[in-house]
Amino acid sequence: MISKTKPVTTVENKRKLFHFGLLLDIRKNKLLYVMLLPVLLYYVVFHYAPMYGALIAFKDYSPRIGIWGSDWVGFEHFVNFFNGAYFWRTIKNTVLISFYQLLFGFPAPIILALLLNELRHAMFKRMVQTVTYMPHFISLIVICGILKDFTTSDGVINDIIAFFGGERSTFLLEPSLFRSVYVSSGIWQNIGWGTIIFLAALTGIDQEQYEAARIDGAGRWKQMTHVTLPGIMPIIIILLILDIGKMMNVGFEKIILLYNPGTYETADVISSYVYRVGLQDFNYSYSSAVGLFNSVINFALLISSNWLSRKFNDTSLW
C-alpha cells in the first residue's frame with residue numbers, strides 16, 4: 001500500500017533542524033546560557049513588559065480605574081498632537097539637534113581615534129586618552145552646572161571673548177546659541193569614550209597591509225586613507241546605522257537641565273515636551289501618544305538606514 005503521509009515541507013524541515021540544533025547547543029553550553037539569562041530577564045522586564053503600557057496612548061487613561069477600565073479613544077491624542085501648536089516646533093528642534101549631533105558629533109571620535117593611532121609616544125597617548133575619557137564619567141548634573149557657570153555673562157568663556165574684544169552674553173539665555181552649546185558640550189563629554197570601540201577596531205587591522213603600503217611608497221596619510229579607514233569602515237557603518245536609528249531620541253535630561261522658557265523656541269524637543277506634559281501636567285495618555293509616535297519614527301529610520309546600507313554597501317545590522 002502506498003503511504004499517503006504528507007511530505008514534510010522545506011520550511012518544516014528547517015524549523016525542526018533549528019529546534020534540534022538549539023537544544024543540542026543548550027545542552028552543550030549550559031553555563032553560557034545561564035550567564036545569558038539575567039540579560040534576557042533585564043530586556044523582558046524593563047523593555048518588553050512596559051510595551052503593555054503603550055495602550056494608554058489610545059485611551060483616556062485614569063490611574064484610578066487602570067488601563068483596561070479607561071475609555072478607548074483611538075487616535076485622538078495623536079491627532080491632537082499633530083494639530084497642536086507645539087508639533088512643528090518640537091519636531092524641528094529634535095531633528096536639527098540630532099542632525100548637528102550626527103554631523104559634528106559622530107565623526108569626532110573617529111578623527112580622534114585616527115590621530116591617537118598615529119601617535120608613537122605611548123605615555124603621551126595614554127595621557128590624551130585619560131584626559132578625553134574623564135568628562136564621560138562626570139555626572140550630567142555636574143556637567144550642566146559647569147556649563148551654566150562657564151557660559152554666564154561673567155563666566156570663563158565670556159572672559160576670553162571679552163579679552164579679544166567681543167561682547168559678553170549669557171549663552172543659555174540666547175535661543176540662537178542653545179543648540180551650539182548643547183552639541184559642542186556633548187562632543188566634549190563623549191569624544192574620548194567614543195574612541196574606545198574605534199581603537200579596538202584598529203587593533204584588528206592586519207599589519208601586513210601597512211607593510212605592503214609602505215613598500216608601495218605610501219606615506220602616513222596614504223596608509224590612513226587606504227588601509228586604516230577601510231579597515232574600520234564596517235564598524236563605522238554599523239554605528240552610523242544605530243545613531244540614525246535614534247535620531248529622534250534627544251535625551252530630555254540634559255535639555256531640561258539647560259533650557260528655560262526663554263529658549264523653548266529652539267530647545268524644546270519631543271522628549272522634553274513629553275516630560276512636561278506627562279509628569280508636570282499629568283496628561284499621561286497624550287504624552288504616551290507623543291512618545292509612541294517618536295518611537296515609531298525611530299524604528300522607521302533604523303529600518304531604512306539598515307536597508308540602504310545593505311543595498312549600497314553590503315554592510316548592515318541584519
# chains A, B, ... in the order shown; residues from 1 in each chain; ligands from 1
>>> select_by_dssp(residues="range 18-182 of chain A", states="strand (DSSP E or B)", output="list in words")
Lys59, Asp60, Tyr61, Ser62, Ser70, Asp71 and Trp72 of chain A
>>> write_last_selection(atoms="N, CA and C atoms", output="short mmCIF file (atom, residue, chain, number, x, y, z; two decimals), in the first residue's frame")
data_model
loop_
_atom_site.label_atom_id
_atom_site.label_comp_id
_atom_site.auth_asym_id
_atom_site.auth_seq_id
_atom_site.Cartn_x
_atom_site.Cartn_y
_atom_site.Cartn_z
N LYS A 59 -6.08 55.46 24.86
CA LYS A 59 -7.17 55.51 25.82
C LYS A 59 -7.17 56.84 26.56
N ASP A 60 -8.28 57.15 27.19
CA ASP A 60 -8.36 58.31 28.08
C ASP A 60 -8.01 57.80 29.48
N TYR A 61 -6.72 57.65 29.70
CA TYR A 61 -6.23 56.90 30.87
C TYR A 61 -6.47 57.66 32.18
N SER A 62 -6.92 56.89 33.15
CA SER A 62 -7.09 57.40 34.51
C SER A 62 -6.44 56.40 35.46
N SER A 70 -10.11 52.28 31.50
CA SER A 70 -10.17 53.59 30.84
C SER A 70 -10.84 53.48 29.48
N ASP A 71 -11.48 54.57 29.07
CA ASP A 71 -12.22 54.59 27.81
C ASP A 71 -11.27 54.61 26.61
N TRP A 72 -11.63 53.85 25.59
CA TRP A 72 -10.85 53.80 24.35
C TRP A 72 -11.17 55.02 23.50
#
>>> closest_residue(among="A:Gln101, A:Thr266, A:Thr228, A:Gln129", to="Ser185 in chain A", atoms="only C-alpha atoms")
A:Gln101
>>> residues_around(residues="Gln189 in chain A", least_positions_apart="2", cutoff="6 Å", atoms="only C-alpha atoms", output="list in words")
Pro135, His136, Gly186 and Ile187 of chain A
>>> write_last_selection(atoms="C-alpha atoms", output="PDB file, in the first residue's frame")
ATOM      1  CA  PRO A 135      34.311  64.072  31.052  1.00  0.00           C
ATOM      2  CA  HIS A 136      32.281  60.933  30.276  1.00  0.00           C
ATOM      3  CA  GLY A 186      28.094  66.719  24.085  1.00  0.00           C
ATOM      4  CA  ILE A 187      31.094  66.274  21.802  1.00  0.00           C
TER       5      ILE A 187
END
>>> atom_distance(atom1="CA of Met134 in chain A", atom2="CA of Gly192 in chain A")
7.9 Å
>>> closest_residue(among="A:Arg89, A:Arg276, A:His121, A:Arg64", to="Tyr264 in chain A", atoms="only C-alpha atoms")
A:Arg89
>>> atom_distance(atom1="CA of Thr90 in chain A", atom2="CA of Leu240 in chain A")
23.4 Å
>>> residues_around(residues="Ile110 in chain A", least_positions_apart="6", cutoff="8 Å", atoms="only C-alpha atoms", output="PDB file with C-alpha atoms, in the first residue's frame")
ATOM      1  CA  GLY A 194      33.571  57.082  21.719  1.00  0.00           C
ATOM      2  CA  THR A 195      37.115  56.363  20.579  1.00  0.00           C
ATOM      3  CA  PHE A 198      37.334  52.512  17.078  1.00  0.00           C
TER       4      PHE A 198
END
>>> residues_around(residues="Ala113 in chain A", least_positions_apart="3", cutoff="12 Å", atoms="only C-alpha atoms", output="ChimeraX atom specification")
/A:107-110,116-119,125,128-129,132,191-203,224,228-229,232,236
>>> write_last_selection(atoms="N, CA, C and O atoms", output="short mmCIF file (atom, residue, chain, number, x, y, z; two decimals), in the first residue's frame")
data_model
loop_
_atom_site.label_atom_id
_atom_site.label_comp_id
_atom_site.auth_asym_id
_atom_site.auth_seq_id
_atom_site.Cartn_x
_atom_site.Cartn_y
_atom_site.Cartn_z
N PRO A 107 31.58 62.05 13.64
CA PRO A 107 32.96 61.91 13.13
C PRO A 107 34.03 62.23 14.18
O PRO A 107 35.18 61.82 14.00
N ALA A 108 33.67 62.97 15.24
CA ALA A 108 34.68 63.44 16.19
C ALA A 108 35.48 62.30 16.82
O ALA A 108 36.72 62.34 16.80
N PRO A 109 34.85 61.26 17.40
CA PRO A 109 35.65 60.16 17.97
C PRO A 109 36.43 59.37 16.93
O PRO A 109 37.49 58.82 17.24
N ILE A 110 35.94 59.32 15.69
CA ILE A 110 36.68 58.64 14.62
C ILE A 110 37.97 59.39 14.33
O ILE A 110 39.05 58.79 14.23
N LEU A 116 45.05 59.35 17.52
CA LEU A 116 45.71 58.59 18.59
C LEU A 116 46.46 57.40 18.01
O LEU A 116 47.53 57.03 18.52
N ASN A 117 45.91 56.81 16.97
CA ASN A 117 46.56 55.65 16.35
C ASN A 117 47.89 56.02 15.71
O ASN A 117 48.77 55.17 15.57
N GLU A 118 48.04 57.29 15.32
CA GLU A 118 49.27 57.74 14.68
C GLU A 118 50.35 58.14 15.69
O GLU A 118 51.49 58.35 15.31
N LEU A 119 49.94 58.28 16.97
CA LEU A 119 50.93 58.68 17.98
C LEU A 119 51.87 57.51 18.27
O LEU A 119 51.44 56.37 18.39
N LYS A 125 50.22 59.34 24.54
CA LYS A 125 48.98 58.76 24.04
C LYS A 125 48.06 58.39 25.19
O LYS A 125 46.85 58.68 25.16
N VAL A 128 46.58 61.58 26.76
CA VAL A 128 45.49 62.15 25.95
C VAL A 128 44.22 61.33 26.13
O VAL A 128 43.11 61.88 26.27
N GLN A 129 44.34 60.02 26.13
CA GLN A 129 43.18 59.16 26.32
C GLN A 129 42.53 59.40 27.68
O GLN A 129 41.30 59.51 27.79
N THR A 132 40.69 62.80 27.73
CA THR A 132 39.47 62.83 26.92
C THR A 132 38.39 61.89 27.46
O THR A 132 37.20 62.09 27.20
N ILE A 191 33.57 62.47 23.32
CA ILE A 191 34.52 62.17 22.25
C ILE A 191 35.55 61.13 22.66
O ILE A 191 35.88 60.22 21.90
N GLY A 192 36.05 61.23 23.88
CA GLY A 192 37.06 60.26 24.33
C GLY A 192 36.49 58.87 24.49
O GLY A 192 37.08 57.87 24.04
N TRP A 193 35.31 58.79 25.11
CA TRP A 193 34.67 57.49 25.33
C TRP A 193 34.32 56.83 24.01
O TRP A 193 34.41 55.61 23.86
N GLY A 194 33.94 57.63 23.02
CA GLY A 194 33.57 57.08 21.72
C GLY A 194 34.73 56.50 20.95
O GLY A 194 34.53 55.69 20.03
N THR A 195 35.96 56.89 21.30
CA THR A 195 37.11 56.36 20.58
C THR A 195 37.43 54.91 20.94
O THR A 195 38.16 54.25 20.19
N ILE A 196 36.90 54.43 22.06
CA ILE A 196 37.29 53.09 22.55
C ILE A 196 37.00 52.03 21.50
O ILE A 196 37.85 51.19 21.18
N ILE A 197 35.80 52.04 20.95
CA ILE A 197 35.41 50.99 20.00
C ILE A 197 36.22 51.11 18.70
O ILE A 197 36.56 50.10 18.08
N PHE A 198 36.56 52.34 18.31
CA PHE A 198 37.33 52.51 17.08
C PHE A 198 38.79 52.11 17.29
O PHE A 198 39.41 51.52 16.39
N LEU A 199 39.34 52.41 18.45
CA LEU A 199 40.70 51.96 18.75
C LEU A 199 40.78 50.44 18.81
O LEU A 199 41.76 49.84 18.38
N ALA A 200 39.72 49.83 19.34
CA ALA A 200 39.68 48.37 19.36
C ALA A 200 39.61 47.80 17.94
O ALA A 200 40.24 46.79 17.63
N ALA A 201 38.85 48.47 17.08
CA ALA A 201 38.75 48.02 15.69
C ALA A 201 40.09 48.19 14.96
O ALA A 201 40.45 47.37 14.11
N LEU A 202 40.81 49.24 15.31
CA LEU A 202 42.10 49.48 14.66
C LEU A 202 43.11 48.38 14.98
O LEU A 202 43.97 48.07 14.15
N THR A 203 43.01 47.80 16.16
CA THR A 203 43.95 46.73 16.52
C THR A 203 43.71 45.46 15.70
O THR A 203 44.59 44.59 15.64
N MET A 224 46.64 55.86 6.09
CA MET A 224 45.41 56.11 6.84
C MET A 224 44.18 56.03 5.94
O MET A 224 43.17 55.42 6.30
N THR A 228 43.78 52.16 6.94
CA THR A 228 43.14 52.30 8.25
C THR A 228 41.63 52.53 8.13
O THR A 228 40.83 51.80 8.74
N LEU A 229 41.25 53.53 7.35
CA LEU A 229 39.81 53.84 7.21
C LEU A 229 39.02 52.68 6.62
O LEU A 229 37.96 52.31 7.16
N ILE A 232 38.31 49.95 9.29
CA ILE A 232 37.30 50.18 10.33
C ILE A 232 35.96 50.62 9.75
O ILE A 232 35.04 50.92 10.51
N ILE A 236 32.24 51.65 11.47
CA ILE A 236 31.70 53.00 11.30
C ILE A 236 30.27 52.93 10.76
O ILE A 236 29.37 53.64 11.24
#
>>> select_by_dssp(residues="range 169-317 of chain A", states="alpha helix (DSSP H)", output="number ranges by chain")
A: 175-203, 207-215, 220-223, 229-245, 252-258, 264-267, 270-275, 284-313
>>> residues_around(residues="Phe75 in chain A", least_positions_apart="6", cutoff="9 Å", atoms="only C-alpha atoms", output="MDAnalysis selection string")
chainID A and resid 57:59 289
>>> write_last_selection(atoms="all heavy atoms", output="CSV table (one decimal), in the first residue's frame")
chain,number,residue,atom,x,y,z
A,57,ALA,N,-1.8,55.2,25.2
A,57,ALA,CA,-1.8,56.2,24.2
A,57,ALA,C,-3.1,56.2,23.4
A,57,ALA,O,-3.4,57.2,22.7
A,57,ALA,CB,-0.6,55.9,23.2
A,58,PHE,N,-3.8,55.1,23.4
A,58,PHE,CA,-5.1,55.0,22.7
A,58,PHE,C,-6.3,55.1,23.6
A,58,PHE,O,-7.4,54.8,23.2
A,58,PHE,CB,-5.1,53.7,21.9
A,58,PHE,CG,-4.0,53.5,21.0
A,58,PHE,CD1,-2.8,52.8,21.4
A,58,PHE,CD2,-4.0,54.0,19.7
A,58,PHE,CE1,-1.8,52.6,20.6
A,58,PHE,CE2,-2.9,53.9,18.9
A,58,PHE,CZ,-1.8,53.2,19.3
A,59,LYS,N,-6.1,55.5,24.9
A,59,LYS,CA,-7.2,55.5,25.8
A,59,LYS,C,-7.2,56.8,26.6
A,59,LYS,O,-6.2,57.6,26.6
A,59,LYS,CB,-7.0,54.4,26.8
A,59,LYS,CG,-7.2,53.0,26.2
A,59,LYS,CD,-7.5,52.0,27.3
A,59,LYS,CE,-8.0,50.6,26.7
A,59,LYS,NZ,-8.6,49.7,27.7
A,289,ALA,N,1.1,59.0,23.8
A,289,ALA,CA,0.9,59.1,22.3
A,289,ALA,C,2.1,59.8,21.6
A,289,ALA,O,2.6,59.3,20.6
A,289,ALA,CB,-0.4,59.8,22.0
>>> residues_around(residues="Pro261 in chain A", least_positions_apart="6", cutoff="10 Å", atoms="only C-alpha atoms", output="PyMOL selection string")
chain A and resi 173+175+267-268
>>> write_last_selection(atoms="N, CA and C atoms", output="mmCIF file, in the first residue's frame")
data_model
loop_
_atom_site.group_PDB
_atom_site.id
_atom_site.type_symbol
_atom_site.label_atom_id
_atom_site.label_comp_id
_atom_site.auth_asym_id
_atom_site.auth_seq_id
_atom_site.Cartn_x
_atom_site.Cartn_y
_atom_site.Cartn_z
ATOM 1 N N LEU A 173 20.760 81.878 27.722
ATOM 2 C CA LEU A 173 19.559 82.712 27.626
ATOM 3 C C LEU A 173 19.302 83.164 26.199
ATOM 4 N N PRO A 175 18.336 82.020 22.601
ATOM 5 C CA PRO A 175 17.785 80.876 21.850
ATOM 6 C C PRO A 175 18.662 80.458 20.676
ATOM 7 N N ALA A 267 14.996 75.015 21.922
ATOM 8 C CA ALA A 267 15.493 73.951 22.803
ATOM 9 C C ALA A 267 14.468 72.865 23.098
ATOM 10 N N ASP A 268 13.201 73.180 22.956
ATOM 11 C CA ASP A 268 12.161 72.214 23.320
ATOM 12 C C ASP A 268 12.088 71.094 22.284
#
>>> closest_residue(among="A:Ser272, A:Met247, A:Lys311, A:Ser316", to="Ile235 in chain A", atoms="only C-alpha atoms")
A:Ser316
>>> closest_residue(among="A:Ile97, A:Tyr210, A:Ile56, A:Ile256", to="His77 in chain A", atoms="only C-alpha atoms")
A:Ile56
